[in-house]
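What follows is the content of my_file-v1.cif (mmCIF, C-alpha atoms).
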```cif
data_final
loop_
_atom_site.label_atom_id
_atom_site.label_comp_id
_atom_site.auth_asym_id
_atom_site.auth_seq_id
_atom_site.Cartn_x
_atom_site.Cartn_y
_atom_site.Cartn_z
CA MET A 23 165.06 132.74 121.09
CA ARG A 24 164.15 129.40 119.56
CA GLY A 25 160.48 128.57 119.50
CA ASP A 26 160.14 126.52 122.67
CA GLY A 27 156.82 127.19 124.32
CA HIS A 28 156.39 130.89 125.02
CA PRO A 29 159.70 132.64 125.67
CA ASP A 30 158.59 135.37 128.02
CA ALA A 31 159.81 138.94 128.13
CA GLU A 32 162.11 138.27 131.07
CA LEU A 33 163.87 135.42 129.31
CA LYS A 34 164.25 137.54 126.20
CA ALA A 35 165.76 140.34 128.27
CA LEU A 36 168.07 137.86 129.96
CA SER A 37 169.13 136.51 126.60
CA ALA A 38 169.79 140.03 125.30
CA ALA A 39 171.91 140.82 128.36
CA LEU A 40 173.96 137.63 127.93
CA HIS A 41 174.59 138.48 124.29
CA GLU A 42 175.64 141.99 125.21
CA LEU A 43 178.01 140.58 127.81
CA TYR A 44 179.62 137.82 125.76
CA ASP A 45 179.19 138.55 122.06
CA PRO A 46 182.37 140.68 122.05
CA VAL A 47 184.31 137.43 122.37
CA LEU A 48 183.18 136.55 118.84
CA ALA A 49 185.12 139.51 117.48
CA GLU A 50 188.36 138.67 119.27
CA PRO A 51 191.19 137.23 117.14
CA VAL A 52 191.48 133.50 117.66
CA PRO A 53 194.62 132.61 119.66
CA GLU A 54 197.11 130.67 117.57
CA ARG A 55 197.19 127.76 120.01
CA LEU A 56 193.50 127.15 119.36
CA GLN A 57 193.98 127.25 115.59
CA ALA A 58 196.80 124.77 116.03
CA ALA A 59 194.65 122.58 118.25
CA ALA A 60 191.93 122.47 115.60
CA LYS A 61 194.43 121.34 112.98
CA GLY A 62 196.80 119.05 114.88
CA PRO A 63 195.90 115.40 114.65
CA ARG A 64 196.48 113.10 117.58
CA THR A 65 197.89 109.66 117.09
CA ARG A 66 199.00 106.89 119.38
CA PRO A 67 199.71 107.40 123.08
CA VAL A 68 203.29 107.84 124.27
CA ALA A 69 203.03 104.95 126.70
CA ARG A 70 203.64 102.50 123.88
CA ALA A 71 206.61 104.39 122.57
CA ALA A 72 209.28 102.87 124.81
CA ALA A 73 208.33 99.28 124.04
CA LEU A 74 207.98 99.81 120.33
CA LEU A 75 211.16 101.84 120.10
CA ALA A 76 213.09 99.13 121.93
CA THR A 77 211.73 96.56 119.48
CA GLY A 78 212.68 98.70 116.52
CA LEU A 79 216.15 99.31 117.88
CA ALA A 80 216.65 95.61 118.64
CA ILE A 81 215.76 94.64 115.09
CA GLY A 82 217.89 97.43 113.70
CA ALA A 83 220.85 96.47 115.84
CA LEU A 84 220.65 92.80 114.95
CA ALA A 85 219.93 92.85 111.26
CA GLY A 86 220.43 96.34 109.94
CA TRP A 87 217.97 98.36 107.94
CA GLN A 88 217.52 95.66 105.29
CA LEU A 89 215.37 93.55 107.64
CA ARG A 90 212.86 96.39 107.87
CA GLY A 91 212.58 96.52 104.12
CA GLU A 92 213.89 100.06 103.93
CA ARG A 93 216.76 101.46 101.98
CA ALA A 94 219.43 102.95 104.16
CA PRO A 95 218.76 106.70 104.21
CA VAL A 96 220.98 108.65 101.83
CA ALA A 97 222.16 110.99 104.57
CA PRO A 98 221.77 109.06 107.81
CA ALA A 99 220.46 111.09 110.70
CA PRO A 100 223.12 112.17 113.17
CA ALA A 101 223.51 109.78 116.07
CA PHE A 102 222.04 112.24 118.52
CA VAL A 103 218.63 111.95 116.85
CA ARG A 104 218.27 108.36 117.96
CA SER A 105 219.49 109.31 121.41
CA ALA A 106 216.85 112.03 121.50
CA ALA A 107 214.16 109.49 120.60
CA ILE A 108 215.29 107.15 123.35
CA ALA A 109 215.41 110.01 125.84
CA HIS A 110 211.90 111.02 124.85
CA ALA A 111 210.54 107.50 125.23
CA THR A 112 212.29 107.20 128.58
CA TYR A 113 211.08 110.36 130.25
CA ALA A 114 207.90 111.54 128.53
CA PRO A 115 205.69 108.87 130.15
CA GLU A 116 206.89 109.81 133.65
CA VAL A 117 204.08 111.05 135.85
CA ARG A 118 205.95 111.80 139.05
CA HIS A 119 209.45 112.62 137.81
CA PRO A 120 209.20 113.89 134.27
CA VAL A 121 211.95 116.45 134.78
CA GLU A 122 214.75 117.09 137.21
CA VAL A 123 214.30 120.86 137.57
CA GLY A 124 210.88 122.40 137.07
CA ALA A 125 209.85 125.40 135.04
CA ASP A 126 209.33 127.31 138.26
CA GLN A 127 213.14 127.46 138.43
CA GLU A 128 213.70 128.13 134.77
CA THR A 129 216.56 130.60 135.26
CA HIS A 130 218.43 128.16 137.45
CA LEU A 131 217.69 125.32 135.01
CA VAL A 132 219.04 127.21 132.03
CA ASN A 133 222.14 128.42 133.88
CA TRP A 134 222.87 124.90 135.11
CA LEU A 135 222.49 123.29 131.70
CA SER A 136 224.50 126.05 130.00
CA ARG A 137 227.33 125.51 132.45
CA ARG A 138 227.43 121.77 131.88
CA LEU A 139 227.05 121.92 128.11
CA GLY A 140 229.63 124.70 127.91
CA ALA A 141 227.38 126.81 125.70
CA PRO A 142 224.43 129.19 126.23
CA VAL A 143 221.29 127.05 126.34
CA ARG A 144 217.73 128.36 126.49
CA ALA A 145 214.25 126.96 126.54
CA PRO A 146 212.16 128.37 123.67
CA LYS A 147 208.73 129.71 124.59
CA LEU A 148 206.15 127.50 122.92
CA GLU A 149 202.93 128.97 124.35
CA GLU A 150 202.05 130.31 120.91
CA VAL A 151 201.63 126.73 119.71
CA GLY A 152 199.98 125.55 122.91
CA TYR A 153 202.88 124.12 124.88
CA SER A 154 204.27 125.26 128.21
CA LEU A 155 207.58 124.29 129.79
CA VAL A 156 207.47 121.53 132.39
CA GLY A 157 211.22 121.67 133.11
CA GLY A 158 214.41 119.97 132.07
CA ARG A 159 217.19 117.59 132.90
CA LEU A 160 220.80 116.79 132.12
CA LEU A 161 221.62 113.58 130.28
CA PRO A 162 224.81 111.82 129.22
CA GLY A 163 225.68 112.24 125.55
CA ASP A 164 228.27 110.79 123.20
CA SER A 165 230.61 113.76 123.49
CA GLY A 166 229.49 115.32 126.75
CA PRO A 167 226.35 116.16 128.65
CA VAL A 168 223.17 117.00 126.75
CA ALA A 169 220.03 118.87 127.83
CA GLN A 170 216.43 117.78 127.55
CA PHE A 171 213.55 120.23 127.94
CA MET A 172 210.04 118.88 128.34
CA TYR A 173 206.87 120.72 127.31
CA GLN A 174 203.25 119.87 127.84
CA CYS A 175 199.99 121.10 126.38
CA SER A 176 196.79 121.48 128.33
CA ALA A 177 195.57 118.05 127.21
CA GLY A 178 198.69 116.40 128.61
CA THR A 179 200.52 115.77 125.34
CA ARG A 180 204.27 116.11 125.75
CA VAL A 181 207.13 117.03 123.49
CA THR A 182 210.79 117.07 124.42
CA LEU A 183 213.61 119.20 123.03
CA TYR A 184 217.00 117.52 123.06
CA VAL A 185 219.96 119.91 122.92
CA ARG A 186 223.51 118.85 122.15
CA ALA A 187 226.45 121.22 121.96
CA ASP A 188 229.73 120.53 120.22
CA ALA A 189 232.20 123.40 120.02
CA ARG A 190 234.10 121.68 117.21
CA GLU A 191 231.12 121.93 114.88
CA SER A 192 229.29 124.83 113.35
CA ARG A 193 226.55 124.03 110.86
CA GLU A 194 223.17 125.30 109.79
CA THR A 195 220.62 122.84 108.50
CA ALA A 196 216.93 123.01 107.75
CA LEU A 197 214.40 121.00 109.73
CA ARG A 198 214.53 117.32 108.89
CA TYR A 199 212.00 114.68 109.83
CA ARG A 200 212.63 111.23 111.21
CA ALA A 201 210.54 108.51 112.78
CA GLU A 202 212.26 106.23 115.27
CA GLY A 203 209.77 103.53 116.14
CA ASP A 204 206.78 105.30 117.63
CA VAL A 205 208.65 108.54 118.26
CA ARG A 206 208.58 111.29 115.64
CA LEU A 207 211.29 113.92 115.52
CA PHE A 208 212.25 117.06 113.72
CA TYR A 209 215.94 117.83 114.02
CA TRP A 210 218.25 120.56 112.89
CA MET A 211 221.70 122.05 113.49
CA ASP A 212 222.29 125.66 114.37
CA ARG A 213 225.83 126.91 115.03
CA GLN A 214 227.37 124.56 117.59
CA PHE A 215 224.00 123.07 118.63
CA GLY A 216 222.10 120.03 117.47
CA TYR A 217 218.40 120.08 118.32
CA ALA A 218 215.80 117.34 118.15
CA LEU A 219 212.15 117.93 118.99
CA ALA A 220 210.38 114.67 119.74
CA SER A 221 206.87 113.45 120.36
CA ALA A 222 205.03 110.14 120.33
CA ASP A 223 201.57 111.68 120.67
CA ILE A 224 201.14 114.16 117.87
CA GLY A 225 201.34 113.58 114.17
CA ARG A 226 204.00 114.84 111.81
CA ASP A 227 202.14 118.01 110.81
CA GLY A 228 201.38 119.00 114.39
CA LEU A 229 204.96 118.31 115.44
CA GLN A 230 206.26 120.37 112.52
CA THR A 231 204.29 123.36 113.72
CA VAL A 232 205.91 123.10 117.14
CA ALA A 233 209.36 122.46 115.68
CA GLU A 234 209.12 125.51 113.46
CA ALA A 235 208.20 127.66 116.45
CA ALA A 236 211.16 126.30 118.41
CA HIS A 237 213.53 126.70 115.47
CA ARG A 238 212.38 130.27 114.90
CA GLN A 239 213.10 131.26 118.45
CA LEU A 240 216.36 129.40 118.86
CA SER A 241 217.82 130.76 115.64
CA GLU A 242 217.51 134.32 116.91
CA PRO A 243 220.89 135.47 118.20
CA MET B 14 188.49 116.94 105.80
CA GLN B 15 185.64 119.39 105.55
CA GLU B 16 184.70 119.04 109.21
CA ARG B 17 188.12 120.40 110.19
CA GLU B 18 187.48 123.65 108.36
CA LEU B 19 184.02 123.93 109.87
CA ILE B 20 185.48 123.35 113.30
CA VAL B 21 188.06 126.11 112.80
CA ALA B 22 185.23 128.44 111.76
CA LEU B 23 183.32 127.57 114.95
CA ILE B 24 186.16 128.42 117.33
CA PRO B 25 184.83 131.94 118.11
CA ARG B 26 181.42 130.48 119.05
CA LEU B 27 183.11 127.92 121.29
CA ARG B 28 185.23 130.64 122.91
CA ARG B 29 182.14 132.70 123.67
CA TYR B 30 180.34 129.82 125.35
CA ALA B 31 183.45 128.79 127.29
CA ARG B 32 183.97 132.36 128.50
CA ALA B 33 180.40 132.51 129.75
CA LEU B 34 180.71 129.07 131.32
CA VAL B 35 183.95 129.50 133.28
CA GLY B 36 184.47 133.26 133.37
CA ASP B 37 188.25 133.39 133.34
CA ARG B 38 189.71 134.15 129.89
CA THR B 39 192.66 131.77 130.11
CA ALA B 40 190.66 128.94 131.66
CA ALA B 41 188.04 129.42 128.95
CA ASP B 42 190.60 129.09 126.17
CA ASP B 43 192.12 126.08 127.92
CA LEU B 44 188.65 124.51 127.89
CA VAL B 45 188.28 125.26 124.19
CA GLN B 46 191.69 123.75 123.44
CA ASP B 47 190.88 120.58 125.37
CA THR B 48 187.54 120.44 123.60
CA LEU B 49 189.12 120.79 120.16
CA GLU B 50 191.67 118.07 120.84
CA ARG B 51 189.05 115.72 122.17
CA ALA B 52 186.71 116.52 119.28
CA LEU B 53 189.41 115.65 116.75
CA ALA B 54 190.15 112.40 118.57
CA LYS B 55 186.45 111.53 118.58
CA LEU B 56 185.60 112.90 115.15
CA HIS B 57 184.59 109.46 113.96
CA LEU B 58 181.62 109.71 116.35
CA TYR B 59 180.23 112.82 114.68
CA ARG B 60 177.53 112.03 112.11
CA PRO B 61 178.10 114.24 109.04
CA GLY B 62 175.13 116.42 108.24
CA THR B 63 174.05 116.82 111.85
CA ASP B 64 174.58 120.03 113.81
CA LEU B 65 178.35 120.24 114.27
CA ARG B 66 178.16 123.16 116.68
CA ALA B 67 175.75 121.30 118.96
CA TRP B 68 178.07 118.27 118.81
CA LEU B 69 181.07 120.40 119.79
CA LEU B 70 179.08 121.89 122.68
CA THR B 71 178.38 118.34 123.84
CA VAL B 72 182.10 117.55 123.71
CA MET B 73 182.82 120.72 125.68
CA HIS B 74 180.24 119.76 128.29
CA ASN B 75 181.90 116.35 128.74
CA VAL B 76 185.37 117.87 129.00
CA TYR B 77 184.09 120.48 131.48
CA VAL B 78 182.39 117.94 133.72
CA ASN B 79 185.46 115.68 133.68
CA GLN B 80 187.62 118.61 134.75
CA LEU B 81 185.24 119.47 137.58
CA ARG B 82 185.31 115.87 138.70
CA ALA B 83 189.09 115.76 138.54
CA ALA B 84 189.38 118.93 140.61
CA ARG B 85 187.02 117.72 143.34
CA PRO B 86 186.94 113.93 143.06
CA LEU B 87 185.03 113.32 146.27
CA ALA B 88 182.42 116.04 145.87
CA PRO B 89 179.08 114.82 144.53
CA LEU B 90 178.01 116.54 141.35
CA GLU B 91 174.39 116.86 142.51
CA GLU B 92 173.51 120.49 142.25
CA GLU B 93 172.04 120.86 145.72
CA SER B 94 175.38 120.25 147.39
CA ALA B 95 177.94 121.11 144.74
CA GLU B 96 177.57 124.84 145.12
CA LEU B 97 180.98 126.03 144.03
CA ALA B 98 180.16 129.63 144.84
CA ARG B 99 179.58 130.88 148.36
CA PRO B 100 175.94 131.12 149.35
CA ALA B 101 174.55 134.54 148.51
CA ARG B 102 174.46 136.92 151.44
CA GLU B 103 171.36 139.06 151.48
CA ALA B 104 173.31 142.09 152.61
CA ASP B 105 175.43 141.94 149.47
CA ALA B 106 172.60 142.28 146.99
CA LEU B 107 174.24 145.39 145.58
CA GLU B 108 177.43 143.41 144.98
CA LEU B 109 175.42 141.00 142.88
CA ARG B 110 173.79 143.47 140.59
CA ASP B 111 176.41 142.43 138.05
CA LEU B 112 174.94 139.71 135.86
CA GLU B 113 178.35 138.15 135.29
CA ARG B 114 178.93 137.70 139.01
CA ALA B 115 175.47 136.25 139.44
CA LEU B 116 176.20 133.74 136.71
CA ARG B 117 179.32 132.56 138.54
CA ARG B 118 177.20 131.86 141.61
CA LEU B 119 174.86 129.49 139.82
CA PRO B 120 175.53 125.77 140.21
CA HIS B 121 177.23 124.69 137.00
CA GLU B 122 174.31 122.47 135.91
CA GLN B 123 171.99 125.47 135.98
CA ARG B 124 174.50 127.77 134.33
CA GLU B 125 175.04 125.33 131.46
CA VAL B 126 171.32 125.04 130.76
CA LEU B 127 170.82 128.79 130.97
CA LEU B 128 173.70 129.52 128.60
CA LEU B 129 172.80 126.83 126.07
CA VAL B 130 169.21 128.06 125.92
CA ALA B 131 169.64 131.82 126.30
CA LEU B 132 173.10 132.41 124.78
CA GLU B 133 173.64 129.56 122.34
CA GLU B 134 169.94 129.56 121.44
CA LEU B 135 169.64 125.79 121.45
CA SER B 136 166.17 124.31 121.70
CA TYR B 137 165.20 122.41 124.85
CA ALA B 138 165.59 119.16 122.91
CA GLU B 139 169.08 120.10 121.65
CA THR B 140 170.08 121.22 125.14
CA ALA B 141 168.84 117.95 126.60
CA GLN B 142 170.90 116.04 124.04
CA ALA B 143 174.02 118.12 124.62
CA LEU B 144 173.86 117.58 128.37
CA GLY B 145 172.67 113.99 128.23
CA VAL B 146 169.60 114.61 130.39
CA PRO B 147 165.83 114.40 129.84
CA ILE B 148 164.01 117.47 128.54
CA GLY B 149 162.15 117.72 131.86
CA THR B 150 165.48 118.14 133.65
CA VAL B 151 166.45 120.92 131.25
CA MET B 152 163.25 122.78 131.96
CA SER B 153 163.47 122.40 135.75
CA ARG B 154 167.11 123.50 135.79
CA LEU B 155 166.26 126.50 133.63
CA PHE B 156 163.41 127.38 135.99
CA ARG B 157 165.71 127.16 139.03
CA ALA B 158 168.46 129.12 137.27
CA ARG B 159 166.07 131.97 136.51
CA GLU B 160 164.69 131.84 140.05
CA LYS B 161 168.19 132.04 141.53
CA LEU B 162 169.21 134.88 139.25
CA ARG B 163 166.05 136.75 140.17
CA ALA B 164 166.80 136.27 143.86
CA MET B 165 170.42 137.37 143.50
CA LEU B 166 169.55 140.43 141.48
CA ASP B 167 166.46 141.22 143.52
CA GLY B 168 165.81 144.58 145.08
CA LEU B 169 166.76 146.43 141.94
CA PRO B 170 164.48 147.90 139.27
CA VAL B 171 163.96 145.47 136.39
CA ALA B 172 165.80 147.62 133.86
CA SER B 173 168.95 148.02 135.95
CA ARG B 174 168.76 144.40 137.10
CA LEU B 175 169.76 143.20 133.68
CA ARG B 176 171.91 146.12 132.68
CA VAL B 177 175.43 144.95 132.06
CA VAL B 178 177.82 146.64 134.48
CA LYS B 179 181.34 146.50 133.05
#
```
Could you take the file, read its structure, and then write that structure out as structure tokens?
Amino acid sequence: MRGDGHPDAELKALSAALHELYDPVLAEPVPERLQAAAKGPRTRPVARAAALLATGLAIGALAGWQLRGERAPVAPAPAFVRSAAIAHATYAPEVRHPVEVGADQETHLVNWLSRRLGAPVRAPKLEEVGYSLVGGRLLPGDSGPVAQFMYQCSAGTRVTLYVRADARESRETALRYRAEGDVRLFYWMDRQFGYALASADIGRDGLQTVAEAAHRQLSEP
Amino acid sequence: MQERELIVALIPRLRRYARALVGDRTAADDLVQDTLERALAKLHLYRPGTDLRAWLLTVMHNVYVNQLRAARPLAPLEEESAELARPAREADALELRDLERALRRLPHEQREVLLLVALEELSYAETAQALGVPIGTVMSRLFRAREKLRAMLDGLPVASRLRVVK
């Protein structure tokens, strides 16, 4: 006990009992989601994402990349990456209707999306990096419907996983990073799927951790 | 940043305090996660060289109180009326011989003071700072916490009163 006044015998015994009861927690392995939380930086809130993204897209549409002072990327990101960013900015700020089907009906959600996309879709489990599934929705895409899964961590930060299927394609790519306005994304291709994991709340490093977890799970057959 | 590494090293201490504070393992880790995220967002408020663990415990206290308020927005946080546990029934003294259960029945203000002083070994002054209250309040809450524990665990020999029943 610290030297405050005269810690009596009863308080010392109480202290010893509390230590006996709770010190075992100190020896437990630290859950990965807590290690991730201690490392992941937080940046700007998602509420600004839609406005800033719209501004960025307007400038891009009017004047091309030159106006922003950037070189055109050597390998431009596939079109679905921008669509994923727009979808994230559209739905992530939603308080009352963030998803169409909730995680409580995950089996139904996955079956429904798989049917519409014409390919087996699944929602990766991201609890290991601190995110749990909120639910998902169906969205229009350039070559057919696409799926969007939304995840949330205990602090309310959201990430979305955009899933596009195209039976004509079959590619494998590594994770690539892209920033679209205020939305950050990691995207990759795996067999006939294109995936984009988006967030406007967490920084690149934090998002990469989540993207790697998703990629790991989704690349298992 | 050096603080980040120190914070990672302090996670087990934070988990222990959170477990004692809220009891449930998952809820405790949720509290730690929220605390870590808030601490990183507010890291510019931490003065390097001061006690980082005490600062983190302050952050956890603020997160905890906000969550209590969010769960029961209309309930006053004054300890006399915010008894989250049922009032102790004299007939169930045997049920309460478990120290852990007795802790759950303390009003949260008393439980926080008791744990910061007797588990985290903070001084009265550090506890007062962590909870944002005067030292006198710390001492009166500690007195009441011990009194309540004594009453709940009463009727049993001193040695078995504090024996941990797993």
Requested in this report: Extract, using only C-alpha atoms, all DNA, RNA and protein residues at most 7 Å from Leu49 of chain B, discarding same-chain residues fewer than 3 positions from it, and format them as a list in words.
Outcome: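 Neighbouring residues, sequence-local ones excluded: Ala59 and Ala60 of chain A; Val45, Gln46, Ala52 and Leu53 of chain B.
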Report task. Please provide as a ChimeraX atom specification all residues within 10 Å of segment 105-114 of chain A, with the sequence filter that same-chain residues fewer than 4 positions apart are discarded (counting all atoms listed in the file). Result -> /A:68-76,79,100-101,119-121,159,161-164,168-174,179-186,200-207,209,217-222
**Report entry** Selected residue, from B:Leu34, B:Leu144, B:Ile20, B:Ala164, that lies nearest to chain A when counting only C-alpha atoms
**Finding:**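 Checking each candidate against chain A, we get B:Ile20 as the closest.
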Query raised in the report: Closest to chain A among B:Val76, B:Leu65, B:Ala40, B:Leu132, using only C-alpha atoms?
Result: B:Leu132
Requested in this report: Quick one: pull the distance between atom CA of Ala196 of chain A and atom CA of Leu240 of chain A, Å, one decimal.
Outcome: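 Taking atom CA of Ala196 of chain A and atom CA of Leu240 of chain A, their separation equals 12.8 Å.
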Report task. Given the file shown, enumerate the residues that the PyMOL selection byres ((chain B) within 8 of (chain A)) captures and present them as a PyMOL selection string. Result -> chain B and resi 17+20-21+24-26+28-29+32-33+42-43+45-47+49-50+53-54+113+130-132+134-137+175-177
Only C-alpha atoms, please: the residues just picked out, written as a PDB file, in the coordinates of the input.
```
ATOM      1  CA  ARG B  17     188.120 120.400 110.190  1.00  0.00           C
ATOM      2  CA  ILE B  20     185.480 123.350 113.300  1.00  0.00           C
ATOM      3  CA  VAL B  21     188.060 126.110 112.800  1.00  0.00           C
ATOM      4  CA  ILE B  24     186.160 128.420 117.330  1.00  0.00           C
ATOM      5  CA  PRO B  25     184.830 131.940 118.110  1.00  0.00           C
ATOM      6  CA  ARG B  26     181.420 130.480 119.050  1.00  0.00           C
ATOM      7  CA  ARG B  28     185.230 130.640 122.910  1.00  0.00           C
ATOM      8  CA  ARG B  29     182.140 132.700 123.670  1.00  0.00           C
ATOM      9  CA  ARG B  32     183.970 132.360 128.500  1.00  0.00           C
ATOM     10  CA  ALA B  33     180.400 132.510 129.750  1.00  0.00           C
ATOM     11  CA  ASP B  42     190.600 129.090 126.170  1.00  0.00           C
ATOM     12  CA  ASP B  43     192.120 126.080 127.920  1.00  0.00           C
ATOM     13  CA  VAL B  45     188.280 125.260 124.190  1.00  0.00           C
ATOM     14  CA  GLN B  46     191.690 123.750 123.440  1.00  0.00           C
ATOM     15  CA  ASP B  47     190.880 120.580 125.370  1.00  0.00           C
ATOM     16  CA  LEU B  49     189.120 120.790 120.160  1.00  0.00           C
ATOM     17  CA  GLU B  50     191.670 118.070 120.840  1.00  0.00           C
ATOM     18  CA  LEU B  53     189.410 115.650 116.750  1.00  0.00           C
ATOM     19  CA  ALA B  54     190.150 112.400 118.570  1.00  0.00           C
ATOM     20  CA  GLU B 113     178.350 138.150 135.290  1.00  0.00           C
ATOM     21  CA  VAL B 130     169.210 128.060 125.920  1.00  0.00           C
ATOM     22  CA  ALA B 131     169.640 131.820 126.300  1.00  0.00           C
ATOM     23  CA  LEU B 132     173.100 132.410 124.780  1.00  0.00           C
ATOM     24  CA  GLU B 134     169.940 129.560 121.440  1.00  0.00           C
ATOM     25  CA  LEU B 135     169.640 125.790 121.450  1.00  0.00           C
ATOM     26  CA  SER B 136     166.170 124.310 121.700  1.00  0.00           C
ATOM     27  CA  TYR B 137     165.200 122.410 124.850  1.00  0.00           C
ATOM     28  CA  LEU B 175     169.760 143.200 133.680  1.00  0.00           C
ATOM     29  CA  ARG B 176     171.910 146.120 132.680  1.00  0.00           C
ATOM     30  CA  VAL B 177     175.430 144.950 132.060  1.00  0.00           C
TER      31      VAL B 177
END
```
